[in-house]
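> So here's work09.json (JSON, C-alpha atoms and all ligand atoms).
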[["chain", "number", "residue", "atom", "x", "y", "z"],
["J", 290, "MET", "CA", -35.32, 6.46, -25.30],
["J", 291, "ASN", "CA", -33.76, 3.09, -24.63],
["J", 292, "LEU", "CA", -30.22, 3.06, -23.27],
["J", 293, "GLY", "CA", -29.27, -0.58, -23.10],
["J", 294, "THR", "CA", -25.62, -0.38, -24.14],
["J", 295, "LEU", "CA", -22.79, 2.12, -24.44],
["J", 296, "ASP", "CA", -23.42, 2.01, -28.17],
["J", 297, "ASP", "CA", -26.94, 3.35, -27.47],
["J", 298, "VAL", "CA", -25.41, 6.12, -25.37],
["J", 299, "PHE", "CA", -22.99, 7.00, -28.17],
["J", 300, "ARG", "CA", -25.85, 7.19, -30.71],
["J", 301, "GLU", "CA", -27.86, 9.37, -28.37],
["J", 302, "GLN", "CA", -24.90, 11.68, -27.77],
["J", 303, "ILE", "CA", -24.14, 12.05, -31.48],
["J", 304, "ALA", "CA", -27.79, 12.70, -32.32],
["J", 305, "ASP", "CA", -27.97, 15.32, -29.57],
["J", 306, "LEU", "CA", -24.79, 17.04, -30.80],
["J", 307, "TYR", "CA", -26.25, 17.03, -34.30],
["J", 308, "SER", "CA", -29.36, 18.81, -33.06],
["J", 309, "ALA", "CA", -27.15, 21.30, -31.19],
["J", 310, "GLU", "CA", -25.08, 22.09, -34.30],
["J", 311, "GLN", "CA", -28.18, 22.48, -36.47],
["J", 312, "GLN", "CA", -29.66, 24.97, -34.01],
["J", 313, "LEU", "CA", -26.37, 26.86, -33.87],
["J", 314, "ILE", "CA", -26.18, 27.11, -37.67],
["J", 315, "THR", "CA", -29.59, 28.78, -37.62],
["J", 316, "ALA", "CA", -28.72, 31.13, -34.76],
["J", 317, "LEU", "CA", -25.19, 32.33, -35.57],
["J", 318, "PRO", "CA", -26.10, 34.77, -38.38],
["J", 319, "LYS", "CA", -28.37, 36.66, -36.00],
["J", 320, "VAL", "CA", -25.63, 36.82, -33.35],
["J", 321, "GLU", "CA", -23.17, 38.10, -35.95],
["J", 322, "ALA", "CA", -25.66, 40.75, -37.07],
["J", 323, "ALA", "CA", -26.09, 41.89, -33.46],
["J", 324, "ALA", "CA", -22.31, 42.19, -32.86],
["J", 325, "GLN", "CA", -20.55, 45.47, -33.49],
["J", 326, "ASN", "CA", -16.83, 44.74, -33.13],
["J", 327, "ASP", "CA", -15.21, 43.67, -36.42],
["J", 328, "ASP", "CA", -13.02, 40.99, -34.85],
["J", 329, "LEU", "CA", -16.05, 39.52, -33.12],
["J", 330, "LYS", "CA", -18.08, 39.58, -36.31],
["J", 331, "ARG", "CA", -15.26, 37.83, -38.19],
["J", 332, "ALA", "CA", -14.90, 35.20, -35.47],
["J", 333, "LEU", "CA", -18.64, 34.48, -35.50],
["J", 334, "ARG", "CA", -18.70, 34.30, -39.30],
["J", 335, "SER", "CA", -15.79, 31.88, -39.48],
["J", 336, "HIS", "CA", -17.30, 29.79, -36.69],
["J", 337, "LEU", "CA", -20.51, 29.50, -38.69],
["J", 338, "GLU", "CA", -18.51, 27.93, -41.53],
["J", 339, "GLU", "CA", -16.76, 25.62, -39.07],
["J", 340, "THR", "CA", -20.09, 24.70, -37.49],
["J", 341, "LYS", "CA", -21.43, 23.57, -40.87],
["J", 342, "GLY", "CA", -18.38, 21.31, -41.07],
["J", 343, "HIS", "CA", -19.13, 19.97, -37.57],
["J", 344, "ALA", "CA", -22.65, 19.04, -38.69],
["J", 345, "THR", "CA", -21.20, 17.31, -41.77],
["J", 346, "ARG", "CA", -18.79, 15.29, -39.61],
["J", 347, "LEU", "CA", -21.70, 14.18, -37.40],
["J", 348, "GLU", "CA", -23.63, 13.14, -40.52],
["J", 349, "LEU", "CA", -20.65, 10.98, -41.53],
["J", 350, "ILE", "CA", -20.61, 9.39, -38.07],
["J", 351, "LEU", "CA", -24.37, 8.81, -38.13],
["J", 352, "ALA", "CA", -24.12, 7.24, -41.60],
["J", 353, "GLU", "CA", -21.40, 4.91, -40.42],
["J", 354, "LEU", "CA", -23.41, 3.95, -37.34],
["J", 355, "GLY", "CA", -26.35, 2.99, -39.55],
["J", 356, "GLY", "CA", -29.45, 1.53, -37.99],
["J", 357, "GLU", "CA", -31.96, 3.64, -36.18],
["J", 358, "ILE", "CA", -30.80, 7.08, -35.17],
["J", 359, "PRO", "CA", -32.65, 8.50, -32.17],
["J", 360, "ARG", "CA", -34.54, 11.72, -32.80],
["J", 361, "GLU", "CA", -33.08, 14.31, -30.47],
["J", 362, "HIS", "CA", -33.76, 17.91, -29.77],
["J", 363, "CYS", "CA", -30.93, 19.44, -27.75],
["J", 364, "LYS", "CA", -32.74, 21.43, -25.07],
["J", 365, "GLY", "CA", -29.44, 22.56, -23.58],
["J", 366, "MET", "CA", -28.46, 24.36, -26.79],
["J", 367, "GLU", "CA", -31.99, 25.70, -27.14],
["J", 368, "GLY", "CA", -31.67, 27.32, -23.71],
["J", 369, "LEU", "CA", -28.22, 28.76, -24.39],
["J", 370, "LEU", "CA", -29.39, 30.20, -27.69],
["J", 371, "ALA", "CA", -32.49, 31.69, -26.08],
["J", 372, "GLU", "CA", -30.19, 33.54, -23.67],
["J", 373, "GLY", "CA", -28.05, 34.70, -26.60],
["J", 374, "ASP", "CA", -31.15, 35.87, -28.39],
["J", 375, "GLU", "CA", -32.15, 38.02, -25.42],
["J", 376, "ILE", "CA", -28.76, 39.73, -25.58],
["J", 377, "ALA", "CA", -28.93, 40.16, -29.36],
["J", 378, "SER", "CA", -32.25, 41.95, -28.96],
["J", 379, "ALA", "CA", -31.13, 44.08, -26.01],
["J", 380, "SER", "CA", -30.79, 47.84, -26.19],
["J", 381, "GLY", "CA", -27.85, 49.74, -24.66],
["J", 382, "ASP", "CA", -24.19, 50.35, -25.38],
["J", 383, "PRO", "CA", -22.91, 48.34, -28.40],
["J", 384, "THR", "CA", -19.59, 47.44, -26.76],
["J", 385, "ALA", "CA", -21.31, 46.29, -23.56],
["J", 386, "LYS", "CA", -23.58, 44.23, -25.76],
["J", 387, "ASP", "CA", -20.56, 42.72, -27.53],
["J", 388, "ALA", "CA", -19.15, 41.72, -24.14],
["J", 389, "ALA", "CA", -22.44, 39.99, -23.31],
["J", 390, "LEU", "CA", -22.51, 38.29, -26.73],
["J", 391, "ILE", "CA", -19.00, 36.94, -26.15],
["J", 392, "ALA", "CA", -20.12, 35.62, -22.76],
["J", 393, "ALA", "CA", -23.08, 33.86, -24.38],
["J", 394, "ALA", "CA", -20.95, 32.49, -27.23],
["J", 395, "GLN", "CA", -18.37, 31.11, -24.80],
["J", 396, "ARG", "CA", -21.09, 29.33, -22.85],
["J", 397, "VAL", "CA", -22.10, 27.68, -26.13],
["J", 398, "GLU", "CA", -18.49, 26.69, -26.87],
["J", 399, "HIS", "CA", -17.95, 25.22, -23.43],
["J", 400, "TYR", "CA", -21.19, 23.28, -23.69],
["J", 401, "GLU", "CA", -20.08, 21.85, -27.02],
["J", 402, "ILE", "CA", -16.58, 21.09, -25.73],
["J", 403, "ALA", "CA", -18.15, 19.07, -22.90],
["J", 404, "GLY", "CA", -20.35, 17.16, -25.36],
["J", 405, "TYR", "CA", -17.58, 16.45, -27.86],
["J", 406, "GLY", "CA", -15.15, 15.44, -25.12],
["J", 407, "THR", "CA", -17.61, 12.81, -23.89],
["J", 408, "ALA", "CA", -18.44, 11.63, -27.41],
["J", 409, "ARG", "CA", -14.75, 11.27, -28.26],
["J", 410, "ALA", "CA", -14.14, 9.24, -25.08],
["J", 411, "LEU", "CA", -17.08, 6.97, -25.94],
["J", 412, "ALA", "CA", -15.84, 6.51, -29.53],
["J", 413, "ASP", "CA", -12.42, 5.64, -28.15],
["J", 414, "HIS", "CA", -13.87, 3.14, -25.71],
["J", 415, "LEU", "CA", -16.05, 1.54, -28.40],
["J", 416, "GLY", "CA", -13.14, 1.25, -30.85],
["J", 417, "LYS", "CA", -14.72, 3.58, -33.41],
["J", 418, "ALA", "CA", -11.48, 5.06, -34.72],
["J", 419, "THR", "CA", -12.91, 7.09, -37.61],
["J", 420, "ALA", "CA", -15.60, 8.65, -35.44],
["J", 421, "ARG", "CA", -13.04, 9.35, -32.76],
["J", 422, "ASP", "CA", -10.82, 11.25, -35.21],
["J", 423, "LEU", "CA", -13.74, 13.25, -36.61],
["J", 424, "LEU", "CA", -14.90, 14.17, -33.10],
["J", 425, "GLU", "CA", -11.39, 15.21, -32.13],
["J", 426, "GLN", "CA", -11.10, 17.51, -35.15],
["J", 427, "THR", "CA", -14.31, 19.23, -34.12],
["J", 428, "LEU", "CA", -13.26, 19.36, -30.48],
["J", 429, "ASP", "CA", -10.03, 21.12, -31.52],
["J", 430, "GLU", "CA", -11.99, 23.67, -33.57],
["J", 431, "GLU", "CA", -14.41, 24.34, -30.71],
["J", 432, "SER", "CA", -11.48, 24.93, -28.36],
["J", 433, "ALA", "CA", -9.80, 27.23, -30.88],
["J", 434, "ALA", "CA", -13.05, 29.19, -31.30],
["J", 435, "ASP", "CA", -13.30, 29.55, -27.53],
["J", 436, "SER", "CA", -9.69, 30.80, -27.28],
["J", 437, "ARG", "CA", -10.31, 33.27, -30.09],
["J", 438, "LEU", "CA", -13.28, 34.70, -28.20],
["J", 439, "THR", "CA", -11.13, 35.02, -25.08],
["J", 440, "ARG", "CA", -8.48, 36.89, -27.07],
["J", 441, "ILE", "CA", -11.11, 39.28, -28.46],
["J", 442, "ALA", "CA", -12.60, 39.87, -25.00],
["J", 443, "THR", "CA", -9.23, 40.53, -23.40],
["J", 444, "GLY", "CA", -7.64, 42.29, -26.37],
["J", 445, "GLY", "CA", -8.53, 45.79, -25.33],
["J", 446, "PHE", "CA", -11.78, 46.70, -27.01],
["J", 447, "LEU", "CA", -13.74, 46.19, -23.82],
["J", 448, "ARG", "CA", -11.38, 48.38, -21.80],
["J", 449, "SER", "CA", -11.34, 51.15, -24.34],
["J", 450, "GLY", "CA", -14.87, 51.04, -25.68],
["J", 451, "VAL", "CA", -17.30, 50.65, -22.83],
["J", 452, "ASN", "CA", -18.18, 52.43, -19.65],
["J", 453, "GLN", "CA", -16.85, 50.25, -16.85],
["J", 454, "ALA", "CA", -19.77, 51.05, -14.60],
["J", 455, "ALA", "CA", -23.06, 52.88, -14.71],
["J", 456, "ASN", "CA", -21.53, 55.96, -13.12],
["J", 457, "ALA", "CA", -18.30, 55.98, -15.16],
["P", 501, "FE", "FE", -19.54, 22.92, -33.35]]
Mind converting the file's structure to structure tokens?


Amino acid sequence: MNLGTLDDVFREQIADLYSAEQQLITALPKVEAAAQNDDLKRALRSHLEETKGHATRLELILAELGGEIPREHCKGMEGLLAEGDEIASASGDPTAKDAALIAAAQRVEHYEIAGYGTARALADHLGKATARDLLEQTLDEESAADSRLTRIATGGFLRSGVNQAANA
């Protein structure tokens, strides 16, 4: 990797986000299948559709950038998804598992929010108005997905559906 200019950094960031979104598109159906709560399943399903849109936006940005696009594999997302996969395969109480899936999904959202926030700031700085707007749209959807997960987690199903402790 050669990072000579902020433009190089922007390309690297966009390519990394693209890898992250691609990995998430592959992983989300398995997470949805592992979830039990209907609201959670719906949220994961609709976020899969949004995530496909995020990948498309990044493709538009990459096309506009032109030139050589660095090949990236987002190891951060790989790690987060490996943790999610462990939960999806876990045995135990389905509601407790849902709580753990929400925790894993929110880590993914926060990771993406950090990445898109930086990419948007770089686009702004570099005067790439179209890219900036596309990144902001995705950032807003990631934040909304995160808030939706918070609402599901705090909306009562955890309190009513799961033993609070091993001896409860
Ligand atoms: Fe996304």

> Step by step, measure atom-to-atom distances between ligand FE 501 (chain P) and each residue using all atoms listed in the file, keep those at most 8 Å, then write them as a VMD selection string.

chain J and resid 310 313 336 339 to 344 398 401 427 to 428 430 to 431

> With a distance cut-off of 9 Å and only C-alpha atoms, select the neighbouring residues of Ser308 in chain J, excluding the residue or stretch itself and same-chain residues fewer than 4 positions from it, and output the selection as a list of chain:residue names.

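The residues that qualify are J:Ile303, J:Ala304, J:Gln312, J:Leu313, J:Ala344, J:Arg360, J:Glu361, J:His362, J:Cys363, J:Met366.
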
> Do you know which residues are at most 9 Å from Ile350 in chain J counting only C-alpha atoms, after dropping those on the same chain fewer than 6 positions away, and could you put them as number ranges by chain?

J: 303, 419-420, 423-424

> What does the distance between CA of Arg334 in chain J and CA of Thr315 in chain J come to in Å, to one decimal place?

12.3 Å

> The residues within 10 Å of (-15.3, 23.2, -28.7), using all atoms listed in the file and the coordinates of the file, should be reported as a list in words; which are they?

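Output of the proximity query reads Gln395, Val397, Glu398, His399, Tyr400, Glu401, Ile402, Ala403, Gly404, Tyr405, Gly406, Glu425, Gln426, Thr427, Leu428, Asp429, Glu430, Glu431, Ser432, Ala433, Ala434, Asp435 and Ser436 of chain J.
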
> Range 312-323 of chain J, all listed atoms, 3 Å padding on each side: what axis-aligned box centre and edge lengths in Å to one decimal come out, as lines of an AutoDock Vina configuration file?


center_x = -26.4
center_y = 33.4
center_z = -35.9
size_x = 12.5
size_y = 22.9
size_z = 11.0

> Tell me which of J:Leu438, J:Arg409, J:Thr294, J:Thr443 sits closest to Arg331 in chain J, counting all atoms listed in the file.

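Answer, going by the shortest atom-to-atom distance: J:Leu438.
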
> I'd like the interatomic distance between CA of Leu295 in chain J and CA of Leu411 in chain J, to a tenth of an Å.

7.6 Å

> Could you tell me how far CA of Gln302 in chain J sits from CA of Ala377 in chain J, in Å to one decimal place?

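Spanning CA of Ala377 in chain J to CA of Gln302 in chain J is a straight-line distance of 28.8 Å.
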
> Between J:Leu351, J:Val320, J:Ile391, J:Leu415, which residue has the minimum interatomic distance to Asp374 in chain J, considering all atoms listed in the file?

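Comparing J:Leu351, J:Val320, J:Ile391, J:Leu415 against Asp374 in chain J, the winner is J:Val320.
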
> Measuring between all atoms listed in the file, which one of J:Ala385, J:Leu390, J:Ala352, J:Ala309 shows the shortest distance to Gly368 in chain J?

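Smallest separation from Gly368 in chain J among the options: J:Ala309.
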
> Nearest residue to Lys330 in chain J out of J:Ala394, J:Ala418, J:Met290, J:Leu354, using all atoms listed in the file?

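Going through J:Ala394, J:Ala418, J:Met290, J:Leu354 one by one, the smallest distance to Lys330 in chain J is for J:Ala394.
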
> Neighbouring residues of Gln325 in chain J were defined as those with any atom within 9 Å, considering all atoms listed in the file; residues of the same chain fewer than 6 positions away were excluded. Please report them as a list of chain:residue names.

J:Pro383, J:Thr384, J:Lys386, J:Asp387

> For those residues, write C-alpha atoms to a file as a PDB file, keeping the file's coordinate frame.


ATOM      1  CA  PRO J 383     -22.910  48.340 -28.400  1.00  0.00           C
ATOM      2  CA  THR J 384     -19.590  47.440 -26.760  1.00  0.00           C
ATOM      3  CA  LYS J 386     -23.580  44.230 -25.760  1.00  0.00           C
ATOM      4  CA  ASP J 387     -20.560  42.720 -27.530  1.00  0.00           C
TER       5      ASP J 387
END

> In terms of the shortest atom-to-atom distance over only C-alpha atoms, which of J:Ala323, J:Thr407, J:Lys364, J:Ala442 is closest to Ser380 in chain J?

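Closest to Ser380 in chain J of all the choices is J:Ala323.
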
> From the set J:Leu292, J:Ala371, J:Ala410, J:Ala388, which residue has the shortest atom-to-atom contact distance to Thr439 in chain J, counting only C-alpha atoms?

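With only C-alpha atoms as the atom set, the closest residue is J:Ala388.
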